[in-house]
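Student: Take a look at the following structure, please.
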Amino acid sequence: MIVVTATLLFVLMFFAPIRFRVNVVAYLQSLSAAVQVRSLAIKFFDETLELNGQYLHCEGTVSTNVDLSEMDKKTGIDFFKCITIDKVCVSLANNMLGVAMPVIIIENVLSAIAMATLCNLSHCQLYTQVIGTFEQSHVNVETVITTSVAELSFCLLRQEVKLWKTQISKKS
């Protein structure tokens, strides 16, 4: 009975969904963004990104400079295959002193049309709003994603098998 209970607890922890809340605030004028990833009350990732020419300056959880011209896009891990997007909320915050009111009305109409179209095509909850602010204009995207340890493990395993096959084909 103890073995069965332990096995059931292990299976539950392995296949139970884990929810993450990803909050991205992008400042388009300064080409910078702030990214936070949380699960419940635990902050996993808090980063400020700024684009300086071909370098991406990262400050926060990981402090480094990344040369975008040297990045190889084929060797990365595609985590989008192992996550499920549950909810997306997009807020367009316009500086009230720099944007005319007709532009805000047009943004509201276009975002409502875009969200209605995307809601019909997807299975997740989508929200949008256009608000005014006295700060710098920015876009705030809040996303709730779900994954499990099993999905992440299978994704990493699939990526390792793919890399192993490419290494074998290079040797032959």
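Every chain in the structure tokens takes a letter, A first, then B, and so on in the order presented; its residues are numbered from 1, and the ligands are numbered from 1 following the presented order.
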Got a sec: who's within 12 Å of Phe80 (chain A), counting only C-alpha atoms, leaving out chain neighbours fewer than 6 positions off, as number ranges by chain?
Tutor: A: 145-147, 151-152, 155-156
Student: Select from region 2-169 of chain A everything DSSP, run on the backbone, classes as alpha helix (DSSP H), then give the selection as a VMD selection string.
Tutor: chain A and resid 2 to 15 101 to 121 149 to 169
Student: So that I can see what lies close to Pro17 (chain A), please list as number ranges by chain the residues with an atom at most 12 Å from it, counting only C-alpha atoms and leaving out residues fewer than 3 positions away in the same chain.
Tutor: A: 11-14, 20, 39, 82-84, 86, 145-152
Student: Just the residues within 6 Å of region 46-53 of chain A, please, counting only C-alpha atoms, with nothing from its chain fewer than 3 positions along; format it as a VMD selection string.
Tutor: chain A and resid 31 to 36 56 to 61
Student: Tell me which protein, DNA and RNA residues are within 9 Å of Val130 (chain A), counting only C-alpha atoms, leaving out same-chain ones fewer than 6 positions away, and put them as a list of chain:residue names.
Tutor: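 Final neighbour list, sorted by chain and number: A:Val90, A:Ser91, A:Leu92, A:Ala93, A:Asn94, A:Ile104, A:Ile105, A:Glu107, A:Asn108, A:Ser111.
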Student: Any chance you can output those residues with all heavy atoms as a short mmCIF file (atom, residue, chain, number, x, y, z; two decimals), in the first residue's frame?
Tutor:
```
data_model
loop_
_atom_site.label_atom_id
_atom_site.label_comp_id
_atom_site.auth_asym_id
_atom_site.auth_seq_id
_atom_site.Cartn_x
_atom_site.Cartn_y
_atom_site.Cartn_z
N VAL A 90 -3.32 42.00 -23.19
CA VAL A 90 -2.46 43.00 -23.82
C VAL A 90 -2.99 44.38 -23.47
O VAL A 90 -4.16 44.67 -23.73
CB VAL A 90 -2.42 42.82 -25.35
CG1 VAL A 90 -1.55 43.87 -25.99
CG2 VAL A 90 -1.95 41.43 -25.71
N SER A 91 -2.13 45.22 -22.89
CA SER A 91 -2.50 46.59 -22.57
C SER A 91 -1.61 47.54 -23.35
O SER A 91 -0.38 47.45 -23.28
CB SER A 91 -2.31 46.88 -21.07
OG SER A 91 -3.13 46.07 -20.31
N LEU A 92 -2.22 48.41 -24.10
CA LEU A 92 -1.48 49.45 -24.81
C LEU A 92 -1.62 50.73 -23.99
O LEU A 92 -2.71 51.29 -23.88
CB LEU A 92 -2.04 49.66 -26.21
CG LEU A 92 -2.07 48.45 -27.13
CD1 LEU A 92 -2.83 48.76 -28.40
CD2 LEU A 92 -0.66 48.01 -27.45
N ALA A 93 -0.53 51.19 -23.40
CA ALA A 93 -0.56 52.40 -22.57
C ALA A 93 0.08 53.53 -23.36
O ALA A 93 1.27 53.53 -23.62
CB ALA A 93 0.18 52.17 -21.27
N ASN A 94 -0.75 54.49 -23.74
CA ASN A 94 -0.29 55.63 -24.53
C ASN A 94 -0.06 56.83 -23.63
O ASN A 94 -0.83 57.09 -22.72
CB ASN A 94 -1.34 56.01 -25.59
CG ASN A 94 -1.48 54.95 -26.64
OD1 ASN A 94 -0.49 54.46 -27.15
ND2 ASN A 94 -2.70 54.58 -26.95
N ILE A 104 -6.18 56.94 -30.13
CA ILE A 104 -6.55 56.00 -29.07
C ILE A 104 -7.85 55.28 -29.42
O ILE A 104 -7.98 54.08 -29.20
CB ILE A 104 -6.66 56.75 -27.72
CG1 ILE A 104 -5.27 57.25 -27.31
CG2 ILE A 104 -7.25 55.86 -26.64
CD1 ILE A 104 -5.26 58.09 -26.07
N ILE A 105 -8.81 56.00 -30.02
CA ILE A 105 -10.07 55.38 -30.43
C ILE A 105 -9.83 54.35 -31.52
O ILE A 105 -10.37 53.24 -31.49
CB ILE A 105 -11.08 56.46 -30.87
CG1 ILE A 105 -11.49 57.32 -29.67
CG2 ILE A 105 -12.30 55.84 -31.53
CD1 ILE A 105 -12.29 58.54 -30.02
N GLU A 107 -7.02 52.72 -32.05
CA GLU A 107 -6.34 51.59 -31.42
C GLU A 107 -7.34 50.68 -30.69
O GLU A 107 -7.22 49.46 -30.73
CB GLU A 107 -5.28 52.07 -30.43
CG GLU A 107 -4.03 52.58 -31.08
CD GLU A 107 -3.01 53.06 -30.07
OE1 GLU A 107 -3.35 53.21 -28.87
OE2 GLU A 107 -1.87 53.30 -30.47
N ASN A 108 -8.34 51.27 -30.03
CA ASN A 108 -9.36 50.48 -29.35
C ASN A 108 -10.15 49.64 -30.34
O ASN A 108 -10.40 48.45 -30.10
CB ASN A 108 -10.34 51.40 -28.59
CG ASN A 108 -9.95 51.57 -27.15
OD1 ASN A 108 -9.50 50.63 -26.51
ND2 ASN A 108 -10.12 52.78 -26.64
N SER A 111 -7.82 46.87 -31.85
CA SER A 111 -7.52 45.80 -30.89
C SER A 111 -8.75 44.95 -30.61
O SER A 111 -8.65 43.74 -30.41
CB SER A 111 -6.95 46.38 -29.59
OG SER A 111 -7.91 47.18 -28.94
#
```
Student: Quote the spacing between CA of Pro102 (chain A) and CA of Val88 (chain A) in Å to one decimal place.
Tutor: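 Those two atoms sit 25.7 Å apart.
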Student: Would you give me, as number ranges by chain, the residues in chain A that DSSP reads as strand (DSSP E or B)?
Tutor: A: 18-27, 32-39, 42-52, 55-60, 64-67, 84-95, 125-133, 138-147
Student: Provide the CA of Met96 (chain A) to CA of Val141 (chain A) distance in Å, to one decimal place.
Tutor: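 Between CA of Met96 (chain A) and CA of Val141 (chain A) the gap is 19.8 Å.
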Student: Take CA of Gly98 (chain A) and CA of Val22 (chain A) and report the distance between them in Å, one decimal.
Tutor: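 These atoms are spaced 28.7 Å apart.
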